[in-house]
Each structure stands twice: as structure tokens, then as C-alpha cells.
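A.B. asks: For reference, the file target.txt (compact mmCIF, N, CA and C atoms) is included below:
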# COMPACT_ATOMS: atom_id res chain seq x y z
N MET A 1 0.83 -1.19 0.00
CA MET A 1 0.00 0.00 0.00
C MET A 1 0.88 1.26 0.00
N GLN A 2 1.96 1.22 0.78
CA GLN A 2 2.86 2.36 0.83
C GLN A 2 3.55 2.59 -0.51
N ILE A 3 3.89 1.53 -1.21
CA ILE A 3 4.51 1.67 -2.53
C ILE A 3 3.52 2.32 -3.49
N GLY A 4 2.26 1.93 -3.39
CA GLY A 4 1.22 2.55 -4.22
C GLY A 4 1.09 4.04 -3.94
N ILE A 5 1.19 4.41 -2.68
CA ILE A 5 1.12 5.83 -2.29
C ILE A 5 2.31 6.58 -2.87
N LEU A 6 3.51 6.00 -2.78
CA LEU A 6 4.71 6.64 -3.32
C LEU A 6 4.63 6.81 -4.84
N ARG A 7 4.13 5.79 -5.52
CA ARG A 7 3.96 5.90 -6.98
C ARG A 7 2.98 7.00 -7.33
N SER A 8 1.93 7.08 -6.56
CA SER A 8 0.92 8.13 -6.78
C SER A 8 1.53 9.51 -6.56
N CYS A 9 2.36 9.63 -5.53
CA CYS A 9 3.02 10.91 -5.25
C CYS A 9 3.94 11.31 -6.40
N LYS A 10 4.65 10.33 -6.97
CA LYS A 10 5.56 10.61 -8.06
C LYS A 10 4.81 11.15 -9.27
N SER A 11 3.71 10.51 -9.64
CA SER A 11 2.96 10.99 -10.81
C SER A 11 2.33 12.35 -10.53
N ARG A 12 1.89 12.57 -9.32
CA ARG A 12 1.30 13.87 -8.95
C ARG A 12 2.37 14.97 -9.03
N LEU A 13 3.57 14.67 -8.55
CA LEU A 13 4.68 15.63 -8.59
C LEU A 13 5.05 15.95 -10.04
N GLU A 14 5.12 14.92 -10.89
CA GLU A 14 5.43 15.15 -12.30
C GLU A 14 4.36 16.03 -12.95
N SER A 15 3.12 15.81 -12.61
CA SER A 15 2.03 16.62 -13.15
C SER A 15 2.15 18.08 -12.72
N LYS A 16 2.46 18.29 -11.46
CA LYS A 16 2.63 19.66 -10.95
C LYS A 16 3.83 20.35 -11.60
N LEU A 17 4.92 19.61 -11.79
CA LEU A 17 6.10 20.17 -12.45
C LEU A 17 5.79 20.57 -13.88
N ASN A 18 5.00 19.77 -14.58
CA ASN A 18 4.59 20.11 -15.94
C ASN A 18 3.72 21.37 -15.95
N ASP A 19 2.85 21.50 -14.94
CA ASP A 19 2.01 22.70 -14.84
C ASP A 19 2.86 23.95 -14.62
N VAL A 20 3.86 23.84 -13.75
CA VAL A 20 4.75 24.98 -13.47
C VAL A 20 5.55 25.33 -14.72
N LYS A 21 6.05 24.32 -15.41
CA LYS A 21 6.81 24.54 -16.64
C LYS A 21 5.95 25.27 -17.67
N ALA A 22 4.72 24.83 -17.85
CA ALA A 22 3.83 25.47 -18.83
C ALA A 22 3.53 26.91 -18.44
N LEU A 23 3.35 27.16 -17.17
CA LEU A 23 3.07 28.52 -16.70
C LEU A 23 4.27 29.43 -16.92
N LEU A 24 5.46 28.95 -16.61
CA LEU A 24 6.67 29.74 -16.83
C LEU A 24 6.90 30.01 -18.32
N GLN A 25 6.68 29.00 -19.14
CA GLN A 25 6.86 29.17 -20.58
C GLN A 25 5.87 30.19 -21.12
N ALA A 26 4.64 30.16 -20.68
CA ALA A 26 3.64 31.13 -21.12
C ALA A 26 4.05 32.55 -20.72
N GLU A 27 4.60 32.69 -19.54
CA GLU A 27 5.05 34.00 -19.07
C GLU A 27 6.22 34.51 -19.92
N ILE A 28 7.14 33.62 -20.24
CA ILE A 28 8.28 34.01 -21.08
C ILE A 28 7.81 34.42 -22.47
N PHE A 29 6.90 33.64 -23.05
CA PHE A 29 6.38 33.98 -24.37
C PHE A 29 5.66 35.32 -24.35
N ASP A 30 4.88 35.57 -23.31
CA ASP A 30 4.19 36.86 -23.19
C ASP A 30 5.18 38.01 -23.13
N ASN A 31 6.25 37.82 -22.35
CA ASN A 31 7.27 38.87 -22.24
C ASN A 31 7.97 39.11 -23.57
N GLU A 32 8.27 38.03 -24.29
CA GLU A 32 8.92 38.17 -25.58
C GLU A 32 8.01 38.85 -26.60
N LEU A 33 6.72 38.54 -26.56
CA LEU A 33 5.79 39.22 -27.47
C LEU A 33 5.63 40.68 -27.09
N ASP A 34 5.68 40.99 -25.81
CA ASP A 34 5.66 42.40 -25.39
C ASP A 34 6.88 43.13 -25.96
N SER A 35 8.03 42.48 -25.92
CA SER A 35 9.24 43.07 -26.49
C SER A 35 9.09 43.26 -28.00
N ALA A 36 8.49 42.29 -28.67
CA ALA A 36 8.27 42.40 -30.12
C ALA A 36 7.33 43.57 -30.42
N ARG A 37 6.30 43.74 -29.61
CA ARG A 37 5.39 44.88 -29.80
C ARG A 37 6.13 46.21 -29.62
N HIS A 38 7.00 46.26 -28.63
CA HIS A 38 7.77 47.47 -28.37
C HIS A 38 8.69 47.78 -29.57
N LEU A 39 9.36 46.76 -30.09
CA LEU A 39 10.22 46.95 -31.25
C LEU A 39 9.40 47.40 -32.46
N HIS A 40 8.25 46.80 -32.65
CA HIS A 40 7.36 47.16 -33.76
C HIS A 40 6.92 48.62 -33.64
N LYS A 41 6.54 49.00 -32.44
CA LYS A 41 6.09 50.38 -32.20
C LYS A 41 7.19 51.38 -32.54
N ASN A 42 8.43 50.99 -32.33
CA ASN A 42 9.56 51.87 -32.59
C ASN A 42 10.19 51.64 -33.97
N SER A 43 9.45 51.01 -34.86
CA SER A 43 9.82 50.80 -36.26
C SER A 43 11.00 49.87 -36.49
N TYR A 44 11.28 48.99 -35.55
CA TYR A 44 12.29 47.95 -35.74
C TYR A 44 11.57 46.68 -36.19
N TYR A 45 11.09 46.70 -37.44
CA TYR A 45 10.21 45.65 -37.92
C TYR A 45 10.90 44.30 -38.06
N ARG A 46 12.12 44.31 -38.57
CA ARG A 46 12.83 43.04 -38.72
C ARG A 46 13.04 42.37 -37.36
N ALA A 47 13.51 43.12 -36.40
CA ALA A 47 13.78 42.56 -35.07
C ALA A 47 12.47 42.09 -34.43
N ALA A 48 11.43 42.86 -34.57
CA ALA A 48 10.13 42.48 -34.00
C ALA A 48 9.62 41.20 -34.63
N GLY A 49 9.75 41.10 -35.95
CA GLY A 49 9.29 39.90 -36.64
C GLY A 49 10.10 38.67 -36.28
N MET A 50 11.39 38.84 -36.14
CA MET A 50 12.23 37.70 -35.76
C MET A 50 11.90 37.23 -34.35
N LEU A 51 11.70 38.16 -33.45
CA LEU A 51 11.37 37.79 -32.08
C LEU A 51 10.03 37.06 -32.01
N ALA A 52 9.05 37.55 -32.74
CA ALA A 52 7.74 36.87 -32.78
C ALA A 52 7.90 35.48 -33.38
N GLY A 53 8.74 35.35 -34.40
CA GLY A 53 8.99 34.04 -35.01
C GLY A 53 9.64 33.07 -34.06
N VAL A 54 10.54 33.57 -33.23
CA VAL A 54 11.19 32.72 -32.23
C VAL A 54 10.15 32.22 -31.22
N VAL A 55 9.23 33.07 -30.85
CA VAL A 55 8.16 32.66 -29.92
C VAL A 55 7.32 31.56 -30.55
N LEU A 56 6.94 31.74 -31.81
CA LEU A 56 6.13 30.73 -32.50
C LEU A 56 6.89 29.41 -32.60
N GLU A 57 8.15 29.47 -32.98
CA GLU A 57 8.95 28.26 -33.09
C GLU A 57 9.08 27.55 -31.75
N GLY A 58 9.34 28.31 -30.69
CA GLY A 58 9.45 27.71 -29.36
C GLY A 58 8.16 27.07 -28.91
N HIS A 59 7.05 27.73 -29.22
CA HIS A 59 5.75 27.17 -28.83
C HIS A 59 5.47 25.88 -29.59
N LEU A 60 5.70 25.88 -30.89
CA LEU A 60 5.42 24.67 -31.67
C LEU A 60 6.34 23.52 -31.26
N LYS A 61 7.57 23.83 -30.91
CA LYS A 61 8.48 22.79 -30.41
C LYS A 61 7.92 22.19 -29.12
N SER A 62 7.44 23.05 -28.24
CA SER A 62 6.87 22.59 -26.98
C SER A 62 5.64 21.71 -27.22
N VAL A 63 4.80 22.09 -28.17
CA VAL A 63 3.61 21.30 -28.49
C VAL A 63 4.02 19.94 -29.04
N CYS A 64 5.03 19.92 -29.91
CA CYS A 64 5.53 18.64 -30.44
C CYS A 64 6.04 17.75 -29.31
N LEU A 65 6.78 18.32 -28.40
CA LEU A 65 7.31 17.53 -27.28
C LEU A 65 6.18 17.04 -26.38
N ASN A 66 5.18 17.88 -26.14
CA ASN A 66 4.04 17.46 -25.30
C ASN A 66 3.27 16.31 -25.92
N HIS A 67 3.24 16.27 -27.25
CA HIS A 67 2.54 15.19 -27.95
C HIS A 67 3.48 14.04 -28.29
N GLN A 68 4.71 14.13 -27.80
CA GLN A 68 5.74 13.10 -27.98
C GLN A 68 5.94 12.75 -29.45
N LEU A 69 6.05 13.79 -30.27
CA LEU A 69 6.29 13.59 -31.70
C LEU A 69 7.78 13.53 -31.97
N ALA A 70 8.16 12.68 -32.90
CA ALA A 70 9.57 12.57 -33.30
C ALA A 70 9.95 13.84 -34.06
N LEU A 71 11.08 14.42 -33.69
CA LEU A 71 11.54 15.65 -34.34
C LEU A 71 12.77 15.37 -35.17
N ALA A 72 12.91 16.14 -36.23
CA ALA A 72 14.07 16.03 -37.11
C ALA A 72 15.32 16.43 -36.33
N PRO A 73 16.49 15.96 -36.77
CA PRO A 73 17.74 16.32 -36.08
C PRO A 73 17.97 17.84 -36.01
N THR A 74 17.58 18.54 -37.06
CA THR A 74 17.67 20.01 -37.07
C THR A 74 16.27 20.57 -37.27
N PRO A 75 15.48 20.61 -36.19
CA PRO A 75 14.09 21.04 -36.33
C PRO A 75 13.99 22.54 -36.68
N THR A 76 13.01 22.84 -37.50
CA THR A 76 12.72 24.21 -37.89
C THR A 76 11.23 24.45 -37.71
N LEU A 77 10.84 25.68 -37.88
CA LEU A 77 9.44 26.03 -37.76
C LEU A 77 8.58 25.20 -38.71
N SER A 78 9.03 25.05 -39.94
CA SER A 78 8.24 24.29 -40.91
C SER A 78 8.19 22.80 -40.55
N LYS A 79 9.28 22.27 -40.00
CA LYS A 79 9.28 20.86 -39.60
C LYS A 79 8.38 20.62 -38.40
N PHE A 80 8.35 21.57 -37.47
CA PHE A 80 7.45 21.44 -36.33
C PHE A 80 6.00 21.43 -36.80
N SER A 81 5.66 22.39 -37.68
CA SER A 81 4.27 22.46 -38.14
C SER A 81 3.90 21.24 -38.98
N GLU A 82 4.84 20.74 -39.75
CA GLU A 82 4.59 19.53 -40.55
C GLU A 82 4.32 18.33 -39.64
N ALA A 83 5.12 18.18 -38.60
CA ALA A 83 4.92 17.07 -37.66
C ALA A 83 3.56 17.19 -36.96
N LEU A 84 3.17 18.40 -36.61
CA LEU A 84 1.88 18.59 -35.96
C LEU A 84 0.73 18.29 -36.91
N LYS A 85 0.87 18.68 -38.16
CA LYS A 85 -0.17 18.40 -39.16
C LYS A 85 -0.28 16.90 -39.41
N ASN A 86 0.86 16.25 -39.61
CA ASN A 86 0.86 14.82 -39.91
C ASN A 86 0.30 13.98 -38.77
N SER A 87 0.43 14.46 -37.55
CA SER A 87 -0.07 13.70 -36.40
C SER A 87 -1.52 14.05 -36.06
N GLY A 88 -2.08 15.03 -36.76
CA GLY A 88 -3.47 15.40 -36.51
C GLY A 88 -3.67 16.40 -35.39
N VAL A 89 -2.59 16.95 -34.86
CA VAL A 89 -2.72 17.93 -33.78
C VAL A 89 -3.28 19.24 -34.33
N ILE A 90 -2.85 19.61 -35.54
CA ILE A 90 -3.40 20.80 -36.19
C ILE A 90 -4.01 20.39 -37.52
N ASP A 91 -4.97 21.18 -37.99
CA ASP A 91 -5.60 20.89 -39.27
C ASP A 91 -4.89 21.62 -40.41
N LEU A 92 -5.31 21.34 -41.62
CA LEU A 92 -4.66 21.91 -42.81
C LEU A 92 -4.70 23.43 -42.84
N PRO A 93 -5.85 24.08 -42.52
CA PRO A 93 -5.86 25.55 -42.53
C PRO A 93 -4.89 26.15 -41.50
N THR A 94 -4.77 25.53 -40.34
CA THR A 94 -3.83 26.03 -39.33
C THR A 94 -2.40 25.85 -39.81
N TRP A 95 -2.12 24.72 -40.44
CA TRP A 95 -0.79 24.47 -41.00
C TRP A 95 -0.45 25.53 -42.05
N ARG A 96 -1.40 25.84 -42.91
CA ARG A 96 -1.17 26.86 -43.94
C ARG A 96 -0.94 28.23 -43.31
N HIS A 97 -1.69 28.51 -42.25
CA HIS A 97 -1.53 29.80 -41.56
C HIS A 97 -0.13 29.90 -40.94
N ILE A 98 0.31 28.81 -40.34
CA ILE A 98 1.67 28.80 -39.77
C ILE A 98 2.70 29.00 -40.88
N SER A 99 2.47 28.41 -42.03
CA SER A 99 3.38 28.60 -43.18
C SER A 99 3.43 30.06 -43.60
N ALA A 100 2.29 30.72 -43.62
CA ALA A 100 2.25 32.14 -43.98
C ALA A 100 2.99 32.98 -42.94
N LEU A 101 2.82 32.65 -41.67
CA LEU A 101 3.53 33.38 -40.62
C LEU A 101 5.03 33.13 -40.73
N SER A 102 5.40 31.91 -41.08
CA SER A 102 6.81 31.58 -41.27
C SER A 102 7.41 32.38 -42.42
N ASP A 103 6.63 32.60 -43.47
CA ASP A 103 7.11 33.41 -44.60
C ASP A 103 7.41 34.84 -44.16
N ILE A 104 6.54 35.40 -43.32
CA ILE A 104 6.78 36.76 -42.82
C ILE A 104 8.03 36.78 -41.94
N ARG A 105 8.16 35.76 -41.09
CA ARG A 105 9.33 35.68 -40.22
C ARG A 105 10.61 35.59 -41.06
N ASN A 106 10.57 34.79 -42.11
CA ASN A 106 11.74 34.64 -42.99
C ASN A 106 12.06 35.94 -43.71
N LYS A 107 11.04 36.69 -44.08
CA LYS A 107 11.25 37.99 -44.72
C LYS A 107 11.98 38.92 -43.76
N CYS A 108 11.66 38.81 -42.48
CA CYS A 108 12.32 39.64 -41.46
C CYS A 108 13.77 39.21 -41.24
N GLY A 109 14.05 37.94 -41.42
CA GLY A 109 15.38 37.42 -41.11
C GLY A 109 16.37 37.46 -42.25
N HIS A 110 15.91 37.71 -43.46
CA HIS A 110 16.81 37.67 -44.61
C HIS A 110 16.69 38.97 -45.39
N ALA A 111 17.77 39.72 -45.43
CA ALA A 111 17.78 40.99 -46.17
C ALA A 111 17.99 40.71 -47.65
N LYS A 112 16.91 40.56 -48.37
CA LYS A 112 16.98 40.28 -49.80
C LYS A 112 16.38 41.43 -50.60
N GLY A 113 16.48 42.63 -50.08
CA GLY A 113 15.96 43.78 -50.79
C GLY A 113 14.48 44.04 -50.57
N VAL A 114 13.79 43.11 -49.93
CA VAL A 114 12.37 43.28 -49.66
C VAL A 114 12.19 43.47 -48.16
N GLU A 115 11.78 44.65 -47.79
CA GLU A 115 11.59 44.95 -46.37
C GLU A 115 10.21 44.48 -45.90
N PRO A 116 10.14 43.92 -44.70
CA PRO A 116 8.82 43.59 -44.16
C PRO A 116 8.08 44.88 -43.82
N THR A 117 6.79 44.89 -44.04
CA THR A 117 6.02 46.09 -43.75
C THR A 117 5.57 46.08 -42.29
N ALA A 118 5.20 47.24 -41.82
CA ALA A 118 4.69 47.36 -40.45
C ALA A 118 3.45 46.50 -40.27
N ASP A 119 2.59 46.49 -41.30
CA ASP A 119 1.36 45.69 -41.21
C ASP A 119 1.66 44.19 -41.14
N GLU A 120 2.61 43.73 -41.94
CA GLU A 120 2.97 42.31 -41.93
C GLU A 120 3.49 41.89 -40.56
N VAL A 121 4.38 42.69 -40.02
CA VAL A 121 4.97 42.35 -38.72
C VAL A 121 3.92 42.46 -37.61
N GLY A 122 3.06 43.46 -37.70
CA GLY A 122 1.98 43.57 -36.72
C GLY A 122 1.07 42.36 -36.76
N LEU A 123 0.75 41.90 -37.96
CA LEU A 123 -0.07 40.71 -38.12
C LEU A 123 0.65 39.48 -37.56
N LEU A 124 1.94 39.37 -37.82
CA LEU A 124 2.72 38.25 -37.30
C LEU A 124 2.65 38.21 -35.77
N ILE A 125 2.89 39.33 -35.14
CA ILE A 125 2.86 39.38 -33.67
C ILE A 125 1.48 39.00 -33.15
N GLN A 126 0.46 39.59 -33.74
CA GLN A 126 -0.93 39.34 -33.31
C GLN A 126 -1.29 37.87 -33.50
N ASP A 127 -0.94 37.29 -34.65
CA ASP A 127 -1.31 35.91 -34.92
C ASP A 127 -0.49 34.90 -34.12
N VAL A 128 0.75 35.23 -33.81
CA VAL A 128 1.53 34.35 -32.94
C VAL A 128 0.89 34.30 -31.56
N GLU A 129 0.45 35.45 -31.08
CA GLU A 129 -0.23 35.48 -29.78
C GLU A 129 -1.47 34.60 -29.79
N ARG A 130 -2.24 34.67 -30.87
CA ARG A 130 -3.42 33.81 -31.00
C ARG A 130 -3.04 32.34 -31.09
N MET A 131 -2.00 32.06 -31.85
CA MET A 131 -1.58 30.69 -32.09
C MET A 131 -1.15 30.01 -30.79
N ILE A 132 -0.43 30.72 -29.92
CA ILE A 132 0.02 30.08 -28.69
C ILE A 132 -1.14 29.82 -27.73
N LYS A 133 -2.25 30.49 -27.96
CA LYS A 133 -3.43 30.23 -27.12
C LYS A 133 -4.35 29.18 -27.72
N ARG A 134 -4.19 28.91 -29.02
CA ARG A 134 -5.10 28.02 -29.72
C ARG A 134 -4.52 26.63 -29.99
N VAL A 135 -3.22 26.57 -30.19
CA VAL A 135 -2.56 25.28 -30.51
C VAL A 135 -1.81 24.82 -29.28
N TYR A 136 -2.18 23.68 -28.77
CA TYR A 136 -1.51 23.13 -27.58
C TYR A 136 -1.56 21.64 -27.57
Could you write out this file's structure as C-alpha cells?

C.D. replies:
Amino acid sequence: MQIGILRSCKSRLESKLNDVKALLQAEIFDNELDSARHLHKNSYYRAAGMLAGVVLEGHLKSVCLNHQLALAPTPTLSKFSEALKNSGVIDLPTWRHISALSDIRNKCGHAKGVEPTADEVGLLIQDVERMIKRVY
């Protein structure tokens, strides 16, 4: 009976640790999105877009790990979203939306003569915030 109690305590502790981890991660993502908004407000669109993209990538990685999905050796935003789509965690429209957000993030990260617009980066920040609340 005591062994059963100890096993129960272990699973309860693991559950609480996962709850604390999720809460801390949500707080970090919120802070990073606040920083992205601040950069956007001050016309640092590339930096704001990259920061929002990092939040999205971190969130999707966390979702993949929570669903115990196999990840590629060098995971990327597109590989995370592909794994989530293939496993049924997200649907096709959500996968396409993540792809569009990834395109904006890539535009921010690569200086190829095309500057990201304020509207694009604002949309990226706004949609990343929605995505972290909707995909889990």
C-alpha cells in the first residue's frame, strides 16, 4: 500500500512540475511578445518579426514535445508544423496559416531587398499570440 502511495506521489509531482513549466513558458512567451510589440512600435520591424517568429517556433516545439512527436535532427518552424499536421494535432488551414507566418518571419530574417512592412509584422505578432493560445 505504501509503494502505491509513493507511486501516486511521483505521478502527482510530475504533473505539478509540468504545470509549473507550462506557466513559466507562457510568461516568457508573453514577455517576448511584449518586447516584439515594443520593437514594432519603434519601427524595428525586422527585429520584432524575428522575435515573434522565435516565440512561435518555441511554442510549436513545446507542443511537439508534449505530444511526444519525433523531431528532425535540425528542427525548424516548418518541420514542427509539418509534424503537428501529420499527427493530426493541427488541421490543414492552421498548418497553412503557420506557413504564412513563417514566410513573414523569414522575410524579417533575410535581407533580400524586400523589407517587411509594419502591417505584416503587426499581423505576425498578433497571430503568434493567438496561435500560442489556440494550438496546444

A.B. asks: For a test of reading the model, state the distance in Å between atom N of Lys107 of chain A and atom N of Arg37 of chain A, rounded to one decimal.

C.D. replies: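 Distance reported for this atom pair: 16.8 Å.
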
A.B. asks: Please provide as a list in words all residues within 12 Å of segment 69-74 of chain A, with the sequence filter that same-chain residues fewer than 4 positions apart are discarded (counting only C-alpha atoms).

C.D. replies: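 Residues meeting the cut-off are Leu60, Lys61, Ser62, Val63, Cys64, Leu65, Ser78, Lys79, Phe80, Ser81, Glu82, Ala83, Leu84, Lys85, Asn86, Ser87, Gly88 and Val89 of chain A.
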
A.B. asks: Would you please extract all helix (DSSP H, G or I) residues from chain A, as assigned by DSSP on the backbone, and give them as number ranges by chain?

C.D. replies: A: 2-41, 45-66, 77-86, 92-109, 118-134

A.B. asks: List as a short mmCIF file (atom, residue, chain, number, x, y, z; two decimals) with N, CA and C atoms, keeping the file's coordinate frame: which residues have an atom within 12 Å of (14.4, 38.7, -39.1), counting only C-alpha atoms?

C.D. replies:
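What ended up in point-v7.cif:
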data_model
loop_
_atom_site.label_atom_id
_atom_site.label_comp_id
_atom_site.auth_asym_id
_atom_site.auth_seq_id
_atom_site.Cartn_x
_atom_site.Cartn_y
_atom_site.Cartn_z
N ALA A 36 8.49 42.29 -28.67
CA ALA A 36 8.27 42.40 -30.12
C ALA A 36 7.33 43.57 -30.42
N TYR A 44 11.28 48.99 -35.55
CA TYR A 44 12.29 47.95 -35.74
C TYR A 44 11.57 46.68 -36.19
N TYR A 45 11.09 46.70 -37.44
CA TYR A 45 10.21 45.65 -37.92
C TYR A 45 10.90 44.30 -38.06
N ARG A 46 12.12 44.31 -38.57
CA ARG A 46 12.83 43.04 -38.72
C ARG A 46 13.04 42.37 -37.36
N ALA A 47 13.51 43.12 -36.40
CA ALA A 47 13.78 42.56 -35.07
C ALA A 47 12.47 42.09 -34.43
N ALA A 48 11.43 42.86 -34.57
CA ALA A 48 10.13 42.48 -34.00
C ALA A 48 9.62 41.20 -34.63
N GLY A 49 9.75 41.10 -35.95
CA GLY A 49 9.29 39.90 -36.64
C GLY A 49 10.10 38.67 -36.28
N MET A 50 11.39 38.84 -36.14
CA MET A 50 12.23 37.70 -35.76
C MET A 50 11.90 37.23 -34.35
N LEU A 51 11.70 38.16 -33.45
CA LEU A 51 11.37 37.79 -32.08
C LEU A 51 10.03 37.06 -32.01
N ALA A 52 9.05 37.55 -32.74
CA ALA A 52 7.74 36.87 -32.78
C ALA A 52 7.90 35.48 -33.38
N GLY A 53 8.74 35.35 -34.40
CA GLY A 53 8.99 34.04 -35.01
C GLY A 53 9.64 33.07 -34.06
N VAL A 54 10.54 33.57 -33.23
CA VAL A 54 11.19 32.72 -32.23
C VAL A 54 10.15 32.22 -31.22
N SER A 102 5.40 31.91 -41.08
CA SER A 102 6.81 31.58 -41.27
C SER A 102 7.41 32.38 -42.42
N ASP A 103 6.63 32.60 -43.47
CA ASP A 103 7.11 33.41 -44.60
C ASP A 103 7.41 34.84 -44.16
N ILE A 104 6.54 35.40 -43.32
CA ILE A 104 6.78 36.76 -42.82
C ILE A 104 8.03 36.78 -41.94
N ARG A 105 8.16 35.76 -41.09
CA ARG A 105 9.33 35.68 -40.22
C ARG A 105 10.61 35.59 -41.06
N ASN A 106 10.57 34.79 -42.11
CA ASN A 106 11.74 34.64 -42.99
C ASN A 106 12.06 35.94 -43.71
N LYS A 107 11.04 36.69 -44.08
CA LYS A 107 11.25 37.99 -44.72
C LYS A 107 11.98 38.92 -43.76
N CYS A 108 11.66 38.81 -42.48
CA CYS A 108 12.32 39.64 -41.46
C CYS A 108 13.77 39.21 -41.24
N GLY A 109 14.05 37.94 -41.42
CA GLY A 109 15.38 37.42 -41.11
C GLY A 109 16.37 37.46 -42.25
N HIS A 110 15.91 37.71 -43.46
CA HIS A 110 16.81 37.67 -44.61
C HIS A 110 16.69 38.97 -45.39
N ALA A 111 17.77 39.72 -45.43
CA ALA A 111 17.78 40.99 -46.17
C ALA A 111 17.99 40.71 -47.65
N LYS A 112 16.91 40.56 -48.37
CA LYS A 112 16.98 40.28 -49.80
C LYS A 112 16.38 41.43 -50.60
N VAL A 114 13.79 43.11 -49.93
CA VAL A 114 12.37 43.28 -49.66
C VAL A 114 12.19 43.47 -48.16
N GLU A 115 11.78 44.65 -47.79
CA GLU A 115 11.59 44.95 -46.37
C GLU A 115 10.21 44.48 -45.90
N PRO A 116 10.14 43.92 -44.70
CA PRO A 116 8.82 43.59 -44.16
C PRO A 116 8.08 44.88 -43.82
N VAL A 121 4.38 42.69 -40.02
CA VAL A 121 4.97 42.35 -38.72
C VAL A 121 3.92 42.46 -37.61
N LEU A 124 1.94 39.37 -37.82
CA LEU A 124 2.72 38.25 -37.30
C LEU A 124 2.65 38.21 -35.77
#

A.B. asks: Just give me the gap between atom CA of Tyr136 of chain A and atom CA of Gly122 of chain A in Å, one decimal is fine.

C.D. replies: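 Those two atoms sit 22.7 Å apart.
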
A.B. asks: What does the structure give for the distance between atom C of Arg7 of chain A and atom CA of Val20 of chain A, in Å to one decimal?

C.D. replies: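 Straight-line distance from atom C of Arg7 of chain A to atom CA of Val20 of chain A works out to 19.1 Å.
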